[in-house]
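A.B. asks: Contents of structure28.cif (mmCIF, C-alpha atoms (C1' of nucleotides)) are below:
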```
data_final
#
loop_
_atom_site.label_atom_id
_atom_site.label_comp_id
_atom_site.auth_asym_id
_atom_site.auth_seq_id
_atom_site.Cartn_x
_atom_site.Cartn_y
_atom_site.Cartn_z
CA MET A 1259 -34.17 3.64 -3.53
CA THR A 1260 -31.30 1.45 -4.74
CA ARG A 1261 -27.96 2.96 -4.03
CA SER A 1262 -25.69 3.77 -6.95
CA ILE A 1263 -22.09 3.50 -5.91
CA ALA A 1264 -19.43 4.14 -8.52
CA LEU A 1265 -15.89 2.79 -8.32
CA ILE A 1266 -13.52 4.71 -10.54
CA ASP A 1267 -10.18 3.01 -11.10
CA CYS A 1268 -7.31 4.29 -13.23
CA ASN A 1269 -6.08 1.86 -15.87
CA ASN A 1270 -2.52 0.62 -15.25
CA PHE A 1271 -2.06 3.73 -13.12
CA TYR A 1272 1.73 4.09 -12.82
CA VAL A 1273 2.27 3.28 -16.48
CA SER A 1274 -0.46 5.73 -17.44
CA CYS A 1275 1.18 8.47 -15.31
CA GLU A 1276 4.45 7.97 -17.20
CA ARG A 1277 2.67 7.99 -20.54
CA VAL A 1278 0.96 11.31 -19.84
CA PHE A 1279 4.38 12.89 -20.36
CA ARG A 1280 5.56 10.40 -22.95
CA PRO A 1281 2.68 10.23 -25.43
CA ASP A 1282 5.12 8.63 -27.88
CA MET A 1283 4.81 5.48 -25.77
CA ALA A 1284 1.09 5.02 -26.44
CA GLY A 1285 0.50 1.54 -27.82
CA TRP A 1286 3.90 0.29 -26.62
CA PRO A 1287 4.68 -2.29 -23.97
CA VAL A 1288 5.64 -0.31 -20.85
CA VAL A 1289 6.35 -1.45 -17.29
CA VAL A 1290 7.06 0.35 -14.02
CA LEU A 1291 9.31 -1.26 -11.43
CA SER A 1292 9.03 -1.29 -7.63
CA ASN A 1293 11.50 0.55 -5.42
CA ASN A 1294 15.09 -0.54 -5.90
CA ASP A 1295 14.12 -1.57 -9.45
CA GLY A 1296 13.06 -4.85 -7.87
CA CYS A 1297 10.02 -6.18 -9.66
CA VAL A 1298 7.22 -5.24 -12.03
CA ILE A 1299 4.33 -3.41 -10.31
CA SER A 1300 2.51 -1.84 -13.27
CA ARG A 1301 2.12 -3.02 -16.86
CA SER A 1302 0.56 -1.54 -19.94
CA ASN A 1303 -1.93 -3.75 -21.81
CA GLU A 1304 0.76 -4.36 -24.42
CA ALA A 1305 3.17 -5.59 -21.73
CA LYS A 1306 0.47 -7.86 -20.31
CA ALA A 1307 -0.14 -9.25 -23.79
CA LEU A 1308 3.56 -10.11 -24.04
CA GLY A 1309 3.15 -12.26 -20.92
CA VAL A 1310 4.90 -9.98 -18.44
CA HIS A 1311 3.58 -10.91 -14.99
CA MET A 1312 2.73 -8.74 -12.00
CA GLY A 1313 5.49 -8.97 -9.40
CA GLU A 1314 7.98 -10.50 -11.80
CA PRO A 1315 11.57 -9.74 -10.69
CA TRP A 1316 13.22 -7.35 -13.13
CA PHE A 1317 16.48 -9.29 -13.32
CA LYS A 1318 14.60 -12.28 -14.68
CA LEU A 1319 12.78 -10.18 -17.23
CA ARG A 1320 15.52 -7.86 -18.35
CA SER A 1321 16.82 -9.59 -21.44
CA PHE A 1322 13.31 -10.51 -22.58
CA ALA A 1323 12.29 -6.88 -22.15
CA GLU A 1324 15.21 -5.61 -24.22
CA GLN A 1325 14.48 -8.14 -26.91
CA HIS A 1326 10.84 -7.09 -27.18
CA HIS A 1327 11.52 -3.35 -26.77
CA VAL A 1328 9.63 -3.06 -23.51
CA GLU A 1329 10.03 0.44 -22.11
CA VAL A 1330 10.90 0.43 -18.41
CA PHE A 1331 10.59 3.02 -15.65
CA SER A 1332 11.74 3.10 -12.03
CA SER A 1333 8.99 4.17 -9.60
CA ASN A 1334 8.47 7.93 -9.49
CA TYR A 1335 6.16 8.32 -6.51
CA ALA A 1336 6.29 12.11 -6.48
CA LEU A 1337 4.75 12.02 -9.96
CA TYR A 1338 2.15 9.35 -9.14
CA ALA A 1339 1.04 11.07 -5.93
CA ASP A 1340 0.65 14.37 -7.75
CA MET A 1341 -1.32 12.83 -10.62
CA SER A 1342 -3.48 11.00 -8.07
CA ASN A 1343 -4.32 14.29 -6.33
CA ARG A 1344 -5.38 15.80 -9.64
CA VAL A 1345 -7.56 12.81 -10.57
CA MET A 1346 -9.23 12.75 -7.14
CA SER A 1347 -9.82 16.46 -7.24
CA VAL A 1348 -11.53 16.32 -10.64
CA LEU A 1349 -13.61 13.31 -9.55
CA SER A 1350 -14.78 15.12 -6.43
CA GLY A 1351 -16.70 17.41 -8.78
CA PHE A 1352 -19.14 14.60 -9.57
CA SER A 1353 -20.39 13.89 -6.05
CA PRO A 1354 -20.13 15.40 -2.58
CA LEU A 1355 -19.57 11.90 -1.21
CA GLN A 1356 -16.16 10.56 -2.22
CA GLU A 1357 -14.03 7.91 -0.58
CA ILE A 1358 -10.43 7.88 -1.79
CA TYR A 1359 -9.67 4.22 -1.43
CA SER A 1360 -6.14 4.06 -2.82
CA ILE A 1361 -3.71 6.00 -4.95
CA ASP A 1362 -5.57 5.12 -8.13
CA GLU A 1363 -9.20 4.50 -7.21
CA CYS A 1364 -12.11 6.07 -5.39
CA PHE A 1365 -15.79 5.47 -4.68
CA LEU A 1366 -18.40 8.10 -5.48
CA ASP A 1367 -21.98 7.95 -4.23
CA LEU A 1368 -24.22 8.77 -7.20
CA THR A 1369 -27.48 7.71 -5.52
CA GLY A 1370 -30.47 9.73 -6.67
CA MET A 1371 -28.76 11.36 -9.62
CA HIS A 1372 -30.50 11.14 -12.95
CA ASP A 1373 -29.06 9.38 -15.96
CA ILE A 1374 -26.37 7.59 -14.02
CA GLY A 1375 -25.18 5.59 -17.01
CA ASN A 1376 -24.27 8.78 -18.83
CA THR A 1377 -22.61 10.19 -15.71
CA GLY A 1378 -20.27 7.20 -15.87
CA PHE A 1379 -19.23 8.11 -19.39
CA ALA A 1380 -18.96 11.79 -18.47
CA ILE A 1381 -16.57 10.93 -15.63
CA ARG A 1382 -14.41 8.86 -17.91
CA GLN A 1383 -14.36 11.51 -20.59
CA ARG A 1384 -13.50 14.36 -18.27
CA ILE A 1385 -10.57 12.54 -16.64
CA TRP A 1386 -9.28 11.76 -20.10
CA ASP A 1387 -9.81 15.29 -21.49
CA TRP A 1388 -8.38 17.13 -18.52
CA LEU A 1389 -5.61 14.77 -17.41
CA SER A 1390 -4.97 12.26 -20.23
CA MET A 1391 -5.63 9.51 -17.71
CA PRO A 1392 -7.64 6.46 -18.80
CA VAL A 1393 -10.11 5.22 -16.18
CA CYS A 1394 -12.90 2.67 -15.95
CA VAL A 1395 -16.13 3.11 -14.02
CA GLY A 1396 -18.14 0.38 -12.28
CA ILE A 1397 -21.55 1.14 -10.81
CA ALA A 1398 -23.69 -1.00 -8.50
CA SER A 1399 -25.67 -1.01 -5.25
CA SER A 1400 -22.77 -2.00 -2.96
CA LYS A 1401 -19.04 -1.32 -2.89
CA THR A 1402 -18.15 -4.97 -3.49
CA LEU A 1403 -20.45 -5.13 -6.52
CA ALA A 1404 -19.14 -1.79 -7.80
CA LYS A 1405 -15.65 -3.27 -7.76
CA LEU A 1406 -16.86 -6.22 -9.81
CA ALA A 1407 -18.70 -3.93 -12.22
CA ASN A 1408 -15.42 -2.08 -12.66
CA HIS A 1409 -13.71 -5.38 -13.39
CA VAL A 1410 -16.25 -6.02 -16.14
CA ALA A 1411 -15.73 -2.51 -17.54
CA LYS A 1412 -11.97 -3.13 -17.68
CA LYS A 1413 -12.21 -6.55 -19.29
CA HIS A 1414 -14.86 -6.04 -21.93
CA PRO A 1415 -14.17 -3.49 -24.66
CA LYS A 1416 -17.87 -3.49 -25.51
CA SER A 1417 -18.57 -1.70 -22.24
CA ARG A 1418 -16.46 1.25 -23.44
CA GLY A 1419 -15.05 1.61 -19.93
CA VAL A 1420 -18.31 1.91 -17.99
CA PHE A 1421 -20.49 -0.87 -16.57
CA ASP A 1422 -23.62 -0.46 -14.42
CA PHE A 1423 -24.96 -3.56 -12.63
CA ASN A 1424 -28.07 -1.60 -11.61
CA ALA A 1425 -29.07 -1.39 -15.28
CA LEU A 1426 -29.30 -5.21 -15.53
CA ASN A 1427 -32.27 -7.41 -14.63
CA ASP A 1428 -31.80 -10.34 -12.20
CA LYS A 1429 -31.27 -12.85 -14.94
CA GLN A 1430 -28.66 -10.78 -16.74
CA LEU A 1431 -26.78 -10.08 -13.49
CA ALA A 1432 -26.77 -13.78 -12.57
CA SER A 1433 -25.37 -14.57 -15.97
CA VAL A 1434 -22.58 -11.99 -15.63
CA LEU A 1435 -21.68 -13.15 -12.11
CA SER A 1436 -21.57 -16.77 -13.27
CA HIS A 1437 -18.82 -15.87 -15.70
CA ILE A 1438 -16.56 -14.14 -13.18
CA ASP A 1439 -14.06 -16.20 -11.19
CA VAL A 1440 -14.56 -15.99 -7.42
CA ARG A 1441 -10.97 -14.83 -6.98
CA GLU A 1442 -11.93 -11.49 -8.52
CA VAL A 1443 -14.14 -10.62 -5.55
CA TRP A 1444 -12.83 -7.87 -3.26
CA GLY A 1445 -11.56 -9.58 -0.11
CA ILE A 1446 -11.14 -13.01 -1.67
CA GLY A 1447 -7.39 -13.52 -1.94
CA ARG A 1448 -5.21 -16.48 -2.80
CA ASN A 1449 -5.88 -18.58 0.27
CA LEU A 1450 -9.64 -18.06 0.41
CA THR A 1451 -9.87 -18.86 -3.30
CA VAL A 1452 -8.32 -22.28 -2.62
CA SER A 1453 -10.71 -22.94 0.30
CA LEU A 1454 -13.75 -21.83 -1.68
CA ASN A 1455 -12.78 -23.86 -4.74
CA GLY A 1456 -12.43 -26.86 -2.41
CA MET A 1457 -16.10 -26.40 -1.46
CA GLY A 1458 -17.13 -26.25 -5.10
CA ILE A 1459 -17.44 -22.44 -5.20
CA ASP A 1460 -15.72 -21.30 -8.36
CA CYS A 1461 -17.68 -18.32 -9.68
CA VAL A 1462 -19.08 -15.19 -8.05
CA GLN A 1463 -22.70 -16.31 -8.44
CA GLN A 1464 -21.97 -19.46 -6.40
CA LEU A 1465 -20.49 -17.37 -3.58
CA LYS A 1466 -23.51 -15.08 -3.70
CA ASP A 1467 -25.79 -18.13 -3.33
CA ALA A 1468 -23.82 -19.70 -0.49
CA ASP A 1469 -25.44 -20.23 2.92
CA ILE A 1470 -24.71 -17.16 5.05
CA THR A 1471 -24.74 -18.88 8.45
CA MET A 1472 -22.37 -21.56 7.27
CA MET A 1473 -20.02 -19.06 5.62
CA ARG A 1474 -19.94 -16.96 8.76
CA ARG A 1475 -19.15 -19.99 10.92
CA LYS A 1476 -16.47 -21.20 8.58
CA PHE A 1477 -14.77 -17.93 7.61
CA GLY A 1478 -15.89 -15.14 9.96
CA VAL A 1479 -17.58 -11.75 9.77
CA VAL A 1480 -15.69 -10.43 6.78
CA MET A 1481 -16.89 -13.26 4.57
CA GLU A 1482 -20.46 -12.77 5.76
CA LYS A 1483 -20.32 -9.12 4.76
CA THR A 1484 -18.82 -10.03 1.39
CA VAL A 1485 -21.68 -12.42 0.62
CA ARG A 1486 -24.29 -9.88 1.72
CA GLU A 1487 -22.66 -7.19 -0.38
CA LEU A 1488 -22.79 -9.51 -3.40
CA ARG A 1489 -26.53 -9.77 -2.82
CA GLY A 1490 -26.76 -6.00 -3.09
CA GLU A 1491 -27.07 -5.39 0.63
CA ALA A 1492 -24.68 -2.52 1.35
CA CYS A 1493 -22.73 -3.46 4.51
CA LEU A 1494 -19.73 -1.25 3.88
CA ASP A 1495 -20.28 2.47 4.19
CA LEU A 1496 -18.61 5.04 2.05
CA ASP A 1497 -15.85 6.44 4.27
CA ASP A 1498 -15.61 10.00 3.06
CA ILE A 1499 -13.52 11.27 5.97
CA ALA A 1500 -9.96 9.96 5.87
CA GLN A 1501 -9.03 8.42 9.20
CA PRO A 1502 -5.55 9.13 10.56
CA ARG A 1503 -3.25 6.18 10.13
CA GLN A 1504 -2.72 3.92 13.13
CA GLN A 1505 0.75 2.95 12.05
CA ILE A 1506 3.35 4.64 9.88
CA VAL A 1507 6.08 2.62 8.23
CA SER A 1508 9.19 3.74 6.43
CA SER A 1509 11.51 1.08 5.11
CA ARG A 1510 13.65 0.23 2.11
CA SER A 1511 15.63 -2.57 0.62
CA PHE A 1512 19.15 -1.34 -0.01
CA GLY A 1513 20.72 -1.11 -3.46
CA ASN A 1514 23.72 -2.89 -1.96
CA THR A 1515 24.06 -4.67 1.36
CA VAL A 1516 25.80 -2.79 4.17
CA THR A 1517 27.76 -4.20 7.07
CA ALA A 1518 28.80 -1.17 9.15
CA LEU A 1519 26.77 0.11 12.10
CA GLU A 1520 27.11 3.68 10.93
CA ASP A 1521 25.49 2.89 7.57
CA LEU A 1522 22.52 1.31 9.32
CA GLU A 1523 22.28 4.32 11.63
CA ASP A 1524 22.33 6.61 8.63
CA ALA A 1525 19.56 4.70 6.87
CA VAL A 1526 17.41 4.61 10.00
CA THR A 1527 17.89 8.36 10.50
CA HIS A 1528 16.49 8.83 7.03
CA PHE A 1529 13.53 6.49 7.63
CA VAL A 1530 12.62 8.18 10.92
CA SER A 1531 12.69 11.60 9.23
CA THR A 1532 10.25 10.41 6.56
CA ALA A 1533 7.93 8.71 9.04
CA ALA A 1534 7.96 11.61 11.53
CA TYR A 1535 7.05 14.02 8.75
CA LYS A 1536 4.03 11.90 7.80
CA LEU A 1537 3.11 11.74 11.47
CA ARG A 1538 3.13 15.55 11.76
CA GLU A 1539 1.18 15.84 8.51
CA GLN A 1540 -1.75 14.04 10.11
CA GLN A 1541 -1.22 15.95 13.36
CA SER A 1542 -0.46 12.91 15.45
CA VAL A 1543 2.18 11.78 17.88
CA ALA A 1544 3.62 8.28 18.30
CA GLY A 1545 3.98 6.38 21.56
CA MET A 1546 6.03 3.55 20.13
CA LEU A 1547 8.87 3.24 17.70
CA MET A 1548 10.05 -0.05 16.29
CA VAL A 1549 13.33 -0.44 14.43
CA TYR A 1550 14.27 -3.47 12.43
CA ALA A 1551 16.97 -4.64 10.07
CA ARG A 1552 17.41 -7.82 8.09
CA THR A 1553 19.70 -9.80 5.85
CA ASP A 1554 18.78 -10.65 2.26
CA ARG A 1555 15.83 -13.03 2.44
CA PHE A 1556 16.69 -14.54 -0.95
CA SER A 1557 20.29 -15.31 -0.02
CA HIS A 1558 21.34 -18.73 1.24
CA LYS A 1559 23.59 -17.21 3.87
CA LYS A 1560 22.59 -17.31 7.52
CA GLN A 1561 19.64 -15.03 8.17
CA TYR A 1562 19.44 -12.37 10.88
CA MET A 1563 16.37 -10.17 11.34
CA PRO A 1564 16.44 -8.37 14.64
CA SER A 1565 13.91 -5.80 15.76
CA ILE A 1566 13.33 -3.75 18.86
CA SER A 1567 10.27 -1.94 20.18
CA LEU A 1568 10.93 1.31 22.00
CA PRO A 1569 8.16 3.00 24.01
CA LEU A 1570 8.18 6.78 24.30
CA VAL A 1571 7.56 8.20 27.75
CA TYR A 1572 6.09 11.30 26.11
CA PRO A 1573 4.47 10.51 22.76
CA SER A 1574 6.22 12.66 20.17
CA ALA A 1575 6.39 13.71 16.53
CA ASN A 1576 9.74 15.37 16.92
CA THR A 1577 12.23 14.08 14.38
CA MET A 1578 15.23 14.61 16.63
CA THR A 1579 13.68 12.88 19.63
CA LEU A 1580 12.68 9.94 17.46
CA VAL A 1581 16.04 9.76 15.66
CA ALA A 1582 17.91 9.64 18.97
CA LEU A 1583 15.71 6.81 20.18
CA ALA A 1584 15.96 4.90 16.91
CA LYS A 1585 19.74 5.15 16.85
CA ALA A 1586 19.93 3.74 20.35
CA GLY A 1587 17.72 0.91 19.10
CA VAL A 1588 19.94 0.19 16.10
CA GLN A 1589 22.97 0.03 18.37
CA GLN A 1590 21.21 -2.58 20.48
CA ILE A 1591 20.19 -4.88 17.68
CA TYR A 1592 23.29 -4.50 15.49
CA GLN A 1593 25.53 -7.53 15.13
CA ALA A 1594 28.76 -7.28 13.19
CA GLY A 1595 29.40 -9.85 10.51
CA TYR A 1596 26.05 -9.74 8.75
CA ALA A 1597 25.29 -8.17 5.38
CA TYR A 1598 22.13 -6.12 5.90
CA LYS A 1599 19.81 -5.78 2.91
CA LYS A 1600 16.89 -3.91 4.40
CA ALA A 1601 15.95 -1.83 7.41
CA GLY A 1602 12.98 0.18 8.53
CA VAL A 1603 11.10 1.93 11.29
CA ILE A 1604 7.49 1.63 12.38
CA LEU A 1605 5.73 4.33 14.39
CA GLY A 1606 2.89 2.94 16.46
CA ASP A 1607 0.61 3.78 19.40
CA ILE A 1608 -0.42 6.81 17.41
CA SER A 1609 -2.71 9.39 18.97
CA ALA A 1610 -3.89 12.88 18.14
CA GLN A 1611 -1.41 15.64 18.89
CA GLY A 1612 -2.30 17.71 21.92
CA ILE A 1613 -4.42 15.25 23.84
CA THR A 1614 -1.71 13.17 25.51
CA GLN A 1615 -0.92 13.40 29.18
CA LYS A 1616 2.11 15.47 30.01
CA ASP A 1617 3.50 16.34 33.38
CA LEU A 1618 4.43 19.63 34.94
CA PHE A 1619 8.01 19.51 33.81
CA PHE A 1620 7.43 18.68 30.17
CA ASP A 1621 8.30 21.59 27.91
CA HIS A 1622 7.29 20.98 24.32
CA THR A 1623 7.17 24.51 22.93
CA ALA A 1624 10.75 24.88 21.76
CA THR A 1625 11.06 21.65 19.78
CA ASP A 1626 7.59 21.67 18.26
CA LYS A 1627 8.18 25.16 16.93
CA LEU A 1628 11.42 23.90 15.41
CA MET A 1629 9.58 21.07 13.63
CA GLU A 1630 7.03 23.51 12.24
CA THR A 1631 9.82 25.66 10.89
CA LEU A 1632 11.60 22.65 9.41
CA ASP A 1633 8.44 21.44 7.67
CA SER A 1634 7.61 24.83 6.21
CA LEU A 1635 11.16 25.34 4.93
CA ASN A 1636 11.13 21.93 3.29
CA MET A 1637 7.70 22.63 1.83
CA ARG A 1638 9.03 25.82 0.28
CA TYR A 1639 12.51 24.84 -0.82
CA GLY A 1640 12.12 21.13 -1.47
CA ARG A 1641 12.00 17.94 0.49
CA ASN A 1642 15.19 17.22 2.43
CA MET A 1643 16.48 20.78 2.06
CA ILE A 1644 16.80 20.87 5.84
CA ARG A 1645 17.32 17.52 7.53
CA VAL A 1646 18.75 15.87 10.58
CA SER A 1647 22.37 15.08 9.84
CA GLY A 1648 23.24 11.48 9.21
CA THR A 1649 26.33 9.67 10.32
CA THR A 1650 28.03 9.09 6.99
CA LYS A 1651 28.83 11.22 3.99
CA GLU A 1652 27.92 8.62 1.44
CA ARG A 1653 24.65 6.72 1.30
CA LYS A 1654 25.95 3.24 0.72
CA TRP A 1655 22.42 1.91 1.16
CA ALA A 1656 20.77 4.09 -1.51
CA MET A 1657 18.30 2.20 -3.67
CA ARG A 1658 18.77 1.47 -7.32
CA GLN A 1659 16.77 3.69 -9.65
CA GLU A 1660 18.21 3.37 -13.09
CA HIS A 1661 15.16 4.31 -15.14
CA LYS A 1662 13.47 7.14 -13.30
CA SER A 1663 11.55 9.79 -15.26
CA GLN A 1664 11.57 13.53 -14.52
CA ASP A 1665 9.52 15.11 -11.74
CA TYR A 1666 7.31 16.61 -14.41
CA THR A 1667 4.68 18.10 -12.14
CA THR A 1668 6.42 18.80 -8.85
CA SER A 1669 9.73 20.44 -9.74
CA TRP A 1670 10.61 23.25 -12.13
CA SER A 1671 13.73 21.42 -13.22
CA GLY A 1672 11.57 18.46 -14.19
CA LEU A 1673 9.87 20.35 -17.00
CA PRO A 1674 11.16 19.02 -20.32
CA GLU A 1675 11.84 22.57 -21.62
CA CYS A 1676 14.09 23.30 -18.67
CA ARG A 1677 16.31 20.28 -19.04
"C1'" DT B 379 -9.65 -19.62 33.33
"C1'" DC B 380 -9.78 -15.17 31.45
"C1'" DT B 381 -7.92 -11.18 29.46
"C1'" DC B 382 -4.66 -8.64 27.30
"C1'" DC B 383 -1.25 -7.89 23.93
"C1'" DG B 384 2.22 -8.86 20.67
"C1'" DA B 385 2.93 -11.72 16.67
"C1'" DT B 386 1.22 -13.78 12.70
"C1'" DT B 387 -1.79 -14.26 8.81
"C1'" DA B 388 -4.51 -12.60 5.02
"C1'" DG B 389 -5.77 -9.23 2.01
"C1'" DA B 390 -5.50 -4.94 -0.86
"C1'" DC B 391 -3.09 -2.15 -4.10
"C1'" DC C 652 32.20 -11.17 -14.33
"C1'" DT C 653 28.15 -12.05 -11.09
"C1'" DA C 654 24.06 -11.15 -8.76
"C1'" DA C 655 19.83 -9.39 -9.09
"C1'" DC C 656 12.72 -10.74 -5.92
"C1'" DG C 657 8.79 -3.76 -3.18
"C1'" DG C 658 6.35 -0.80 0.34
"C1'" DT C 659 2.26 0.61 3.37
"C1'" DC C 660 -1.65 -0.24 5.55
"C1'" DT C 661 -5.77 -2.66 8.01
"C1'" DA C 662 -8.44 -6.28 10.34
"C1'" DA C 663 -8.82 -10.73 12.22
"C1'" DT C 664 -6.96 -14.40 14.58
"C1'" DC C 665 -3.59 -17.00 17.24
"C1'" DG C 666 -1.17 -18.09 21.30
"C1'" DG C 667 1.56 -17.12 25.36
"C1'" DA C 668 2.07 -14.42 29.77
"C1'" DG C 669 0.26 -12.68 33.61
"C1'" DA C 670 -3.84 -11.64 36.52
#
```
Take the structure in the file and write it out as structure tokens.
C.D. replies:
Amino acid sequence: MTRSIALIDCNNFYVSCERVFRPDMAGWPVVVLSNNDGCVISRSNEAKALGVHMGEPWFKLRSFAEQHHVEVFSSNYALYADMSNRVMSVLSGFSPLQEIYSIDECFLDLTGMHDIGNTGFAIRQRIWDWLSMPVCVGIASSKTLAKLANHVAKKHPKSRGVFDFNALNDKQLASVLSHIDVREVWGIGRNLTVSLNGMGIDCVQQLKDADITMMRRKFGVVMEKTVRELRGEACLDLDDIAQPRQQIVSSRSFGNTVTALEDLEDAVTHFVSTAAYKLREQQSVAGMLMVYARTDRFSHKKQYMPSISLPLVYPSANTMTLVALAKAGVQQIYQAGYAYKKAGVILGDISAQGITQKDLFFDHTATDKLMETLDSLNMRYGRNMIRVSGTTKERKWAMRQEHKSQDYTTSWSGLPECR
DNA sequence: TCTCCGATTAGAC
DNA sequence: CTAACGGTCTAATCGGAGA
């Protein structure tokens, strides 16, 4: 039986999240900015039509945006994560096999269900009715094709938001794939597009028809799988069990550069706290901590981007242990006289909590209990209610966020009536 | 010469 | 007035160090 894999993708997700609570902005150009109000990371269709590009720096766009009455929001990740959970939860009602691929999209295995075309429309309708979130649905026999089907659903109004490749005959499918640029294929990025174009491969159908042995030799396993998937041969399984992350990163560009060691220490303390919390959430411990800092990469001044890797004798998820280590690291890499624009920490060598080798003298009970208590207090009374103390009173490094919306769904004070 | 491992590259969103 | 350009994650590959 041909597999029917659906890829459900929210339309302009961050913008749509903001609009759920600002229905007055329907039909208006709206953009959401990255952290630090740096650049555009989500655009409404109206903003796209005005020629606002993905990744465009806000400072370059600002006056144009004001002139054309583009509404702008800073990123509100608490809101987007919460909306994502709701969307995923509703979608899980349509199939027992769901892979949450990213914050705004998931795969559902619909194989064997009857009237799959109508299921696509039902999914779209329910997410709209229950959550006011617009989504598009692509259906096909492999994940890579499902992604392309979704692309078609997004681009062509005639599809009314749902497109099923399995409902086409060979000739129709070939015609559709001949009209899609090869760069739209999942896994074909900027560089591969240039290489493929150089070989005369411009549309998806040409990639599908390419010689597998040659493609494998030239580009490797991933490309081979991509070509096979385009032919309808499912090489990528639906991963319905979320794997623990192998690496956890917490980093930020600063709203303003900092020069003092204590400001860097303060920032790093904050980053370690965030990363260690995520580590405990997935019940892991880290065996390696890397700390880095860097000057402004867009400035013409002399660049400095030190980093240091610090192994942990006993892998840990204890915020205080990790903060102490990270601070020692910052002190080692810090050089006076530079204006630091960004810093971050990376937790690596991650393993499952409770399986690592410890020796006779290692006593973990006291501190781990403390972390549990800290996490449950913060869960109950709000993130950062209890935290490891920083080194400075004032966060000189805090990011810019001049257009942030309320925490509509995650905080009582964010409800419009309570303002 | 081989293997391991950290660094780099490429891609996704 | 000026300066202002994101964050997390994975897999594959490269290249140097040490066995």
A.B. asks: How would you write, as a list of chain:residue names, the residues chosen by the PyMOL selection byres ((chain C) within 6 of (chain A)) on this structure?
C.D. replies: C:DA655, C:DC656, C:DG657
A.B. asks: For a quick test of understanding: name the residues of chain B lying within 12 Å of chain A when counting all atoms listed in the file, and present them as a VMD selection string.
C.D. replies: chain B and resid 384 387 to 391
A.B. asks: What do you get, as a list of chain:residue names, if you spell out every residue that the PyMOL selection byres ((chain A and resi 1310) around 9) selects here?
C.D. replies: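 Checked against the file, the PyMOL selection byres ((chain A and resi 1310) around 9) matches A:Val1289, A:Val1298, A:Arg1301, A:Ala1305, A:Lys1306, A:Ala1307, A:Leu1308, A:Gly1309, A:His1311, A:Met1312, A:Glu1314, A:Leu1319, A:Ala1323.
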A.B. asks: Please report the interatomic distance between CA of His1372 (chain A) and CA of Ile1397 (chain A) in Å with one decimal.
C.D. replies: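 Calculated distance between CA of His1372 (chain A) and CA of Ile1397 (chain A) is 13.6 Å.
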A.B. asks: Find the spatial neighbours of Gly1378 (chain A), counting only C-alpha atoms (C1' of nucleotides), within a cut-off of 12 Å - ignore same-chain residues fewer than 3 positions away - and output them as an MDAnalysis selection string.
C.D. replies: chainID A and resid 1262:1267 1349 1352:1353 1366:1368 1371:1375 1381:1385 1393:1398 1407:1408 1411 1417:1422
A.B. asks: Please evaluate the PyMOL selection byres ((chain A and resi 1593-1600) around 8) against the displayed coordinates and give the resulting residues as a list in words.
C.D. replies: Ser1509, Arg1510, Ser1511, Phe1512, Gly1513, Asn1514, Thr1515, Val1516, Thr1517, Ala1518, Leu1519, Ala1551, Arg1552, Thr1553, Asp1554, Tyr1562, Ile1591, Tyr1592, Ala1601 and Gly1602 of chain A
A.B. asks: Quick one: everything within 10 Å of region 1568-1573 of chain A, counting all atoms listed in the file, minus sequence neighbours fewer than 3 positions away in the same chain. Send it as a count of residues only.
C.D. replies: 30
A.B. asks: What's the 10 Å shell around DA670 (chain C), counting all atoms listed in the file, without same-chain residues fewer than 2 positions away, as a PDB file with C-alpha atoms (C1' of nucleotides), in the coordinates of the input?
C.D. replies:
```pdb
ATOM      1  C1'  DC B 380      -9.780 -15.170  31.450  1.00  0.00           C
ATOM      2  C1'  DT B 381      -7.920 -11.180  29.460  1.00  0.00           C
ATOM      3  C1'  DC B 382      -4.660  -8.640  27.300  1.00  0.00           C
TER       4       DC B 382
ATOM      5  C1'  DA C 668       2.070 -14.420  29.770  1.00  0.00           C
TER       6       DA C 668
END
```
